2 protein chains.
Amino acid sequence: MQRPLEGLRVVDLTRALAGPYATLLLAGLGAEVIKVEDPKGGDLARENSPYVGRDGLSVGRKYQDDLSVSHLTRSRGKRGVTLNLKHPEARKVFADLVRKSDIVVENFTSGTAERLGVGYEDARAANPSVIYCSLSGFGATIKGQEGSRAMDVLIQALSGAMYTSGAEDEPPVRIGLPIADVLTPIFAVVGILAAVHHRVRTGQGQHVDVSMLGALTSLVAVENWAAMQAVGMLTRTGATLQRLCPFGLFECADGYIALVAVQDPLAHSLYRAMGQPEMVADPRFATRNARVANATVLEERILAWTRRHPMKEVIARLEAEDVPVAEVRHPQEALADSRVVDRSETVVARHPSYEEGPELRTTGVPIVFSAARTGFDPVFPTSIGEHNTDVFPRLLGYTDAEIERLKQAGVI
Amino acid sequence: MQRPLEGLRVVDLTRALAGPYATLLLAGLGAEVIKVEDPKGGDLARENSPYVGRDGLSVGRKYQDDLSVSHLTRSRGKRGVTLNLKHPEARKVFADLVRKSDIVVENFTSGTAERLGVGYEDARAANPSVIYCSLSGFGATIKGQEGSRAMDVLIQALSGAMYTSGAEDEPPVRIGLPIADVLTPIFAVVGILAAVHHRVRTGQGQHVDVSMLGALTSLVAVENWAAMQAVGMLTRTGATLQRLCPFGLFECADGYIALVAVQDPLAHSLYRAMGQPEMVADPRFATRNARVANATVLEERILAWTRRHPMKEVIARLEAEDVPVAEVRHPQEALADSRVVDRSETVVARHPSYEEGPELRTTGVPIVFSAARTGFDPVFPTSIGEHNTDVFPRLLGYTDAEIERLKQAGVI
């Protein structure tokens, strides 16, 4: 079976998380990704703790061939070459790569790629139909100091996302997932693939420009917070949503469950599961409007029941009554759910030299195609410049002597 | 300027949020979207409070032509037709639509589309190269009772996402954004566009199957929680991240800020902004390792300063020292940021009949193309079946008499 993006080649100038996750998705969908790293040091993510190697996992790097788990998981299926973008000769090598490619992706601070001579105009000069995607904090037009302040936590703060969780009068909530860093690349891939369609129709390449602030704010904007507020609805409701009561998180003796029983028949089933069928006839709890009006009392009643029993038992009783319920799981358990494992939505990564080492379950491609397969080629840039001797001769026709000269000159 | 997805036509069987947001993105990128609704009642989201109409915003529907804000924002740029999928004749109309289209999107409970005769095999029988995308709770293969329990809050619970926010020993955190409902459609669009590329190369259509649990769990899996835990790092760290101290949220006299000053020069600049330059020489705070070891003391020192001053003043002082800082903003303020407004990452929607009514700022397409434009056609399915008399004759060649007959027979 072919892969959906077969036939597309990507020059990947990205570092850290947001950019590399975009090219990871492209690689998992079958594009050929050539990761370009600085010969001195490479991707910053190579220095992220924890590490994995011959002694398993560790906080610090113990051996030369220990690999950052971040690098190990984010660079799967990518070929790695070196290029010192500050060297004047790098522009020619970059242009040679772009000439043989369909797509370039970068996530430098806005303005940096242009300054280095690897911006969209440089790429277009080499390949007029190239699709060039920039991921940045605030968009390609906002450069300099402001553009450099694009860490996930700052974008979360600016986007309004932190004030959507928690309850009124509680502090804003930092979302533990680096949501801006992982969301922006998915929109970047949408933009790249839309541009691929545009190119098929028109022959025209273009610049695709995605901003972390824009991506996350646009997602916050899917819910109509201002309209809810204008009509007096609470926008920060914490663990439960009283206007749909019973809805939300409830504490059990040994953990938490989420349950949703908004409609009358489900609410009544819940009362039966609680062993309190008399609540069905209680005017405070019988109908949807009554439940909303008496939400605090009802939630207390539910909690008084859930807190007395272990999670598994609460879930079994609710499932027996067909009430929608779910265990609140920790990431480790969630990642190993057979439903996501079977669909390769999470997959296992291992250090390429220590295949018997710890199994690291990490992100897959969460899309199942009936006529194409997803997944990562068994290729990995273990060392910086791992694939110089593959990519430069095969793709660009560089001779061994030329490669040696570029290396000696500090270009690659 | 053309739009990137010009030339693609979508039959949209979706309802509620996850599906309609997928087709909203497709519409905003320039695809022609034909929203298919049940003649009796239409999309469930038409009944979501709050409403907007001649009297502005309200909790309940006051007038016949009041529109749910959910419907108003999610159906922009879509044409609306009716089709009673339970009527035996509906299959022929569906097949006629699919024959003229490139893409079908549905988010019924798994198994329902097949049962109604509008599943992938039915669509493929009408149009062998169709791309058919299903969004469901757990994937197209998990049907029935379990597949029907796919509300956002249950998926958040199962995915591990709720245990990534908050601190150790705190309850799990319900993310206020309906994150599974908005994330899954973005992956769906990636899948659809990857399948479009595949079809260009091979002529082959296919089924694209995206699961809410898979989409969110794969995102949770981007961070390596298990590896962090194995080496003794906290995975739930609440408002701040002590291993990067100072990093995270800090309370001011009138709100909160996020700041990041991980490297020595930035930490030292922070101390100067605090008016405590002597901290630069304090062995507890001078170096990165020392700050991590003394994180609790340092965070208290920072809070003692930030709590005494209004947010704006704290930010001004930190910016004067070039310390990365951001105000934690509420959604309303965030959506109106000129940086996202200028890029149409948020846009204004209004009731089509009451253009002078309240301005509802809502989600745009957070991708900027240099050679194509995004945005929504000025077309909107105000009534159920709004575009029956446009789409059925123009696209399918149905006569007025045939349309009238289908209507009388309860098919459309």
# chains A, B, ... in the order shown; residues from 1 in each chain; ligands from 1
>>> residues_around(residues="region 136-151 of chain B", least_positions_apart="4", cutoff="10 Å", atoms="only C-alpha atoms", output="ChimeraX atom specification")
/A:259-260,319,322-326,339-340,343,366-368 /B:18-19,106-112,155-156,178,180-181,184,207-215
>>> residues_around(residues="Gly7 (chain A)", least_positions_apart="3", cutoff="10 Å", atoms="only C-alpha atoms", output="number ranges by chain")
A: 3-4, 30-32, 101-102; B: 197-198, 201
>>> write_last_selection(atoms="C-alpha atoms", output="PDB file, in the first residue's frame")
ATOM      1  CA  ARG A   3       1.248   6.287   1.613  1.00  0.00           C
ATOM      2  CA  PRO A   4      -1.009   9.296   1.065  1.00  0.00           C
ATOM      3  CA  GLY A  30       4.520   9.468   3.556  1.00  0.00           C
ATOM      4  CA  ALA A  31       6.342  12.609   2.473  1.00  0.00           C
ATOM      5  CA  GLU A  32      10.146  12.390   2.264  1.00  0.00           C
ATOM      6  CA  SER A 101      11.769  19.517  -3.323  1.00  0.00           C
ATOM      7  CA  ASP A 102       8.104  20.473  -3.180  1.00  0.00           C
TER       8      ASP A 102
ATOM      9  CA  HIS B 197      -3.206  14.355  -3.153  1.00  0.00           C
ATOM     10  CA  HIS B 198      -3.354  10.567  -3.252  1.00  0.00           C
ATOM     11  CA  ARG B 201      -1.514  10.599  -8.170  1.00  0.00           C
TER      12      ARG B 201
END
>>> residues_around(residues="region 269-278 of chain B", least_positions_apart="6", cutoff="8 Å", atoms="only C-alpha atoms", output="ChimeraX atom specification")
/B:261,302,305,317-318,320-323
>>> write_last_selection(atoms="C-alpha atoms", output="PDB file, in the first residue's frame")
ATOM      1  CA  ALA B 261      13.164  33.592  32.169  1.00  0.00           C
ATOM      2  CA  ILE B 302       8.634  36.909  42.377  1.00  0.00           C
ATOM      3  CA  TRP B 305       6.736  41.566  43.812  1.00  0.00           C
ATOM      4  CA  ARG B 317       8.899  46.800  33.778  1.00  0.00           C
ATOM      5  CA  LEU B 318       9.653  43.315  32.415  1.00  0.00           C
ATOM      6  CA  ALA B 320      11.819  47.317  29.568  1.00  0.00           C
ATOM      7  CA  GLU B 321      14.318  44.618  30.567  1.00  0.00           C
ATOM      8  CA  ASP B 322      13.416  42.403  27.565  1.00  0.00           C
ATOM      9  CA  VAL B 323      12.053  39.579  29.734  1.00  0.00           C
TER      10      VAL B 323
END
>>> residues_around(residues="Arg288 (chain B)", least_positions_apart="5", cutoff="12 Å", atoms="only C-alpha atoms", output="VMD selection string")
chain B and resid 242 to 247 261 to 268 280 283 293 to 295 298
>>> write_last_selection(atoms="all heavy atoms", output="compact mmCIF listing (two decimals), in the first residue's frame")
# COMPACT_ATOMS: atom_id res chain seq x y z
N GLN B 242 8.70 24.14 37.67
CA GLN B 242 9.86 24.45 38.50
C GLN B 242 11.17 23.99 37.88
O GLN B 242 12.22 24.56 38.16
CB GLN B 242 9.67 23.86 39.90
CG GLN B 242 8.53 24.58 40.66
CD GLN B 242 8.64 24.42 42.16
OE1 GLN B 242 9.20 23.45 42.65
NE2 GLN B 242 8.10 25.40 42.89
N ARG B 243 11.11 22.98 37.00
CA ARG B 243 12.40 22.55 36.43
C ARG B 243 12.93 23.56 35.42
O ARG B 243 14.05 23.44 34.92
CB ARG B 243 12.31 21.14 35.84
CG ARG B 243 11.46 20.99 34.61
CD ARG B 243 11.32 19.50 34.21
NE ARG B 243 10.13 19.29 33.43
CZ ARG B 243 10.04 19.46 32.12
NH1 ARG B 243 11.10 19.86 31.43
NH2 ARG B 243 8.91 19.26 31.47
N LEU B 244 12.13 24.58 35.07
CA LEU B 244 12.61 25.67 34.21
C LEU B 244 12.55 27.01 34.95
O LEU B 244 12.63 28.06 34.34
CB LEU B 244 11.75 25.75 32.94
CG LEU B 244 11.75 24.53 32.03
CD1 LEU B 244 10.79 24.72 30.87
CD2 LEU B 244 13.15 24.25 31.49
N CYS B 245 12.44 26.98 36.27
CA CYS B 245 12.16 28.17 37.08
C CYS B 245 13.09 29.35 36.75
O CYS B 245 14.29 29.15 36.67
CB CYS B 245 12.30 27.82 38.56
SG CYS B 245 11.96 29.20 39.66
N PRO B 246 12.58 30.58 36.58
CA PRO B 246 11.16 30.95 36.66
C PRO B 246 10.43 30.79 35.32
O PRO B 246 10.87 31.27 34.30
CB PRO B 246 11.23 32.43 37.05
CG PRO B 246 12.53 32.93 36.55
CD PRO B 246 13.45 31.75 36.42
N PHE B 247 9.29 30.10 35.40
CA PHE B 247 8.50 29.77 34.22
C PHE B 247 7.07 29.55 34.66
O PHE B 247 6.82 28.73 35.53
CB PHE B 247 9.03 28.47 33.60
CG PHE B 247 8.26 27.97 32.40
CD1 PHE B 247 8.82 28.03 31.13
CD2 PHE B 247 6.99 27.42 32.53
CE1 PHE B 247 8.13 27.56 30.02
CE2 PHE B 247 6.29 26.95 31.42
CZ PHE B 247 6.87 27.03 30.16
N ALA B 261 11.82 33.01 32.04
CA ALA B 261 13.16 33.59 32.17
C ALA B 261 14.13 32.48 32.58
O ALA B 261 14.79 32.54 33.60
CB ALA B 261 13.16 34.74 33.18
N VAL B 262 14.17 31.45 31.74
CA VAL B 262 14.91 30.24 32.07
C VAL B 262 16.42 30.48 32.09
O VAL B 262 17.12 30.03 32.99
CB VAL B 262 14.56 29.12 31.07
CG1 VAL B 262 15.26 27.81 31.43
CG2 VAL B 262 13.04 28.90 31.02
N GLN B 263 16.93 31.17 31.08
CA GLN B 263 18.38 31.36 30.96
C GLN B 263 18.87 32.46 31.93
O GLN B 263 18.13 33.39 32.23
CB GLN B 263 18.76 31.74 29.52
CG GLN B 263 18.54 30.61 28.51
CD GLN B 263 17.10 30.48 28.06
OE1 GLN B 263 16.31 31.40 28.26
NE2 GLN B 263 16.75 29.35 27.47
N ASP B 264 20.14 32.36 32.32
CA ASP B 264 20.70 33.30 33.30
C ASP B 264 20.48 34.76 32.94
O ASP B 264 20.02 35.53 33.79
CB ASP B 264 22.20 33.03 33.50
CG ASP B 264 22.46 31.70 34.20
OD1 ASP B 264 21.47 31.09 34.69
OD2 ASP B 264 23.62 31.28 34.25
N PRO B 265 20.81 35.19 31.71
CA PRO B 265 20.66 36.63 31.44
C PRO B 265 19.21 37.10 31.62
O PRO B 265 18.97 38.21 32.12
CB PRO B 265 21.10 36.77 29.97
CG PRO B 265 21.89 35.54 29.67
CD PRO B 265 21.37 34.47 30.56
N LEU B 266 18.26 36.27 31.24
CA LEU B 266 16.86 36.67 31.40
C LEU B 266 16.47 36.70 32.87
O LEU B 266 15.76 37.61 33.32
CB LEU B 266 15.95 35.71 30.63
CG LEU B 266 16.02 35.80 29.11
CD1 LEU B 266 15.15 34.72 28.46
CD2 LEU B 266 15.59 37.18 28.62
N ALA B 267 16.91 35.71 33.64
CA ALA B 267 16.60 35.71 35.07
C ALA B 267 17.20 36.96 35.73
O ALA B 267 16.53 37.62 36.54
CB ALA B 267 17.15 34.44 35.72
N HIS B 268 18.40 37.30 35.33
CA HIS B 268 19.04 38.48 35.92
C HIS B 268 18.28 39.75 35.52
O HIS B 268 18.13 40.68 36.32
CB HIS B 268 20.51 38.55 35.51
CG HIS B 268 21.30 37.35 35.99
ND1 HIS B 268 22.62 37.14 35.67
CD2 HIS B 268 20.94 36.29 36.77
CE1 HIS B 268 23.03 35.99 36.22
NE2 HIS B 268 22.02 35.47 36.89
N VAL B 280 21.05 38.96 41.59
CA VAL B 280 21.96 38.45 40.55
C VAL B 280 23.16 37.75 41.21
O VAL B 280 23.66 36.74 40.71
CB VAL B 280 22.44 39.60 39.63
CG1 VAL B 280 23.51 39.11 38.68
CG2 VAL B 280 21.25 40.21 38.88
N PRO B 283 23.71 33.33 45.48
CA PRO B 283 24.00 31.98 44.95
C PRO B 283 22.75 31.13 44.76
O PRO B 283 22.78 30.18 43.98
CB PRO B 283 24.94 31.37 45.99
CG PRO B 283 24.86 32.24 47.20
CD PRO B 283 24.44 33.60 46.72
N ALA B 293 16.88 24.39 42.05
CA ALA B 293 16.96 23.85 43.41
C ALA B 293 16.21 24.73 44.42
O ALA B 293 15.70 24.24 45.43
CB ALA B 293 18.43 23.71 43.82
N ASN B 294 16.14 26.02 44.15
CA ASN B 294 15.48 26.94 45.08
C ASN B 294 14.20 27.53 44.47
O ASN B 294 13.82 28.67 44.75
CB ASN B 294 16.45 28.08 45.44
CG ASN B 294 17.66 27.56 46.19
OD1 ASN B 294 17.56 27.22 47.36
ND2 ASN B 294 18.78 27.46 45.50
N ALA B 295 13.54 26.73 43.66
CA ALA B 295 12.41 27.25 42.88
C ALA B 295 11.29 27.80 43.76
O ALA B 295 10.72 28.86 43.47
CB ALA B 295 11.88 26.16 41.95
N LEU B 298 12.26 31.14 45.15
CA LEU B 298 12.33 32.15 44.08
C LEU B 298 10.93 32.54 43.61
O LEU B 298 10.64 33.72 43.43
CB LEU B 298 13.17 31.61 42.91
CG LEU B 298 13.28 32.53 41.69
CD1 LEU B 298 13.75 33.94 42.07
CD2 LEU B 298 14.25 31.92 40.66
>>> residues_around(residues="Met228 (chain A)", least_positions_apart="6", cutoff="10 Å", atoms="only C-alpha atoms", output="list in words")
Leu234 and Thr235 of chain A; Ser49, Pro50, Tyr51, Leu57, Ser58, Val59 and Val69 of chain B
>>> atom_distance(atom1="CA of Gly77 (chain B)", atom2="CA of Ser134 (chain B)")
21.1 Å
>>> decode(residues="region 60-98 of chain A", atoms="N, CA and C atoms", output="tab-separated table (two decimals), in the first residue's frame")
chain	number	residue	atom	x	y	z
A	60	GLY	N	20.01	13.15	32.89
A	60	GLY	CA	21.12	13.79	32.16
A	60	GLY	C	21.69	12.83	31.13
A	61	ARG	N	22.46	13.37	30.18
A	61	ARG	CA	23.10	12.51	29.18
A	61	ARG	C	24.28	11.81	29.84
A	62	LYS	N	24.31	10.48	29.75
A	62	LYS	CA	25.40	9.74	30.38
A	62	LYS	C	26.45	9.34	29.35
A	63	TYR	N	25.98	8.89	28.18
A	63	TYR	CA	26.88	8.40	27.15
A	63	TYR	C	26.72	9.25	25.91
A	64	GLN	N	27.77	9.26	25.13
A	64	GLN	CA	27.78	10.02	23.88
A	64	GLN	C	26.57	9.67	23.01
A	65	ASP	N	26.18	8.38	22.99
A	65	ASP	CA	25.10	7.98	22.09
A	65	ASP	C	23.73	7.95	22.76
A	66	ASP	N	23.63	8.52	23.98
A	66	ASP	CA	22.29	8.73	24.54
A	66	ASP	C	21.54	9.72	23.64
A	67	LEU	N	20.25	9.51	23.50
A	67	LEU	CA	19.44	10.41	22.68
A	67	LEU	C	18.34	11.04	23.52
A	68	SER	N	18.10	12.30	23.30
A	68	SER	CA	16.96	12.95	23.92
A	68	SER	C	15.68	12.27	23.44
A	69	VAL	N	14.79	11.96	24.40
A	69	VAL	CA	13.52	11.35	24.02
A	69	VAL	C	12.76	12.28	23.07
A	70	SER	N	12.89	13.58	23.27
A	70	SER	CA	12.23	14.54	22.36
A	70	SER	C	12.72	14.35	20.93
A	71	HIS	N	14.03	14.31	20.76
A	71	HIS	CA	14.58	14.13	19.41
A	71	HIS	C	14.17	12.77	18.84
A	72	LEU	N	14.28	11.75	19.69
A	72	LEU	CA	13.97	10.38	19.24
A	72	LEU	C	12.55	10.27	18.71
A	73	THR	N	11.61	10.94	19.38
A	73	THR	CA	10.21	10.80	18.96
A	73	THR	C	9.86	11.78	17.83
A	74	ARG	N	10.45	12.96	17.83
A	74	ARG	CA	10.05	13.98	16.85
A	74	ARG	C	10.75	13.83	15.50
A	75	SER	N	11.84	13.10	15.46
A	75	SER	CA	12.61	13.00	14.21
A	75	SER	C	12.41	11.68	13.49
A	76	ARG	N	11.45	10.86	13.96
A	76	ARG	CA	11.19	9.58	13.31
A	76	ARG	C	10.87	9.76	11.83
A	77	GLY	N	11.44	8.89	11.03
A	77	GLY	CA	11.10	8.89	9.60
A	77	GLY	C	11.70	10.04	8.82
A	78	LYS	N	12.61	10.79	9.44
A	78	LYS	CA	13.24	11.92	8.74
A	78	LYS	C	14.69	11.58	8.42
A	79	ARG	N	15.15	12.07	7.29
A	79	ARG	CA	16.58	12.01	6.98
A	79	ARG	C	17.23	13.28	7.52
A	80	GLY	N	18.47	13.18	7.99
A	80	GLY	CA	19.12	14.34	8.57
A	80	GLY	C	20.37	14.75	7.80
A	81	VAL	N	20.42	16.01	7.42
A	81	VAL	CA	21.65	16.55	6.82
A	81	VAL	C	22.07	17.79	7.60
A	82	THR	N	23.33	18.19	7.42
A	82	THR	CA	23.80	19.40	8.09
A	82	THR	C	23.93	20.55	7.10
A	83	LEU	N	23.73	21.74	7.62
A	83	LEU	CA	23.95	22.94	6.84
A	83	LEU	C	24.10	24.10	7.82
A	84	ASN	N	25.24	24.74	7.75
A	84	ASN	CA	25.50	25.91	8.59
A	84	ASN	C	24.94	27.14	7.89
A	85	LEU	N	23.74	27.53	8.27
A	85	LEU	CA	23.03	28.57	7.52
A	85	LEU	C	23.72	29.92	7.60
A	86	LYS	N	24.68	30.04	8.53
A	86	LYS	CA	25.40	31.32	8.63
A	86	LYS	C	26.58	31.38	7.67
A	87	HIS	N	26.89	30.26	7.04
A	87	HIS	CA	28.00	30.24	6.09
A	87	HIS	C	27.50	30.73	4.72
A	88	PRO	N	28.25	31.61	4.05
A	88	PRO	CA	27.78	32.16	2.77
A	88	PRO	C	27.47	31.07	1.73
A	89	GLU	N	28.19	29.99	1.78
A	89	GLU	CA	27.96	28.93	0.78
A	89	GLU	C	26.69	28.12	1.05
A	90	ALA	N	26.10	28.30	2.23
A	90	ALA	CA	24.92	27.50	2.58
A	90	ALA	C	23.75	27.80	1.64
A	91	ARG	N	23.69	29.05	1.16
A	91	ARG	CA	22.56	29.43	0.30
A	91	ARG	C	22.49	28.58	-0.95
A	92	LYS	N	23.69	28.25	-1.47
A	92	LYS	CA	23.70	27.45	-2.71
A	92	LYS	C	23.20	26.02	-2.42
A	93	VAL	N	23.67	25.46	-1.31
A	93	VAL	CA	23.24	24.10	-0.95
A	93	VAL	C	21.73	24.09	-0.69
A	94	PHE	N	21.25	25.13	0.02
A	94	PHE	CA	19.81	25.25	0.29
A	94	PHE	C	19.04	25.32	-1.03
A	95	ALA	N	19.51	26.15	-1.95
A	95	ALA	CA	18.84	26.29	-3.24
A	95	ALA	C	18.83	24.96	-3.99
A	96	ASP	N	19.93	24.22	-3.91
A	96	ASP	CA	19.98	22.90	-4.57
A	96	ASP	C	18.94	21.96	-3.97
A	97	LEU	N	18.81	21.99	-2.65
A	97	LEU	CA	17.80	21.14	-1.99
A	97	LEU	C	16.38	21.55	-2.41
A	98	VAL	N	16.14	22.86	-2.42
A	98	VAL	CA	14.79	23.35	-2.73
A	98	VAL	C	14.42	23.01	-4.17
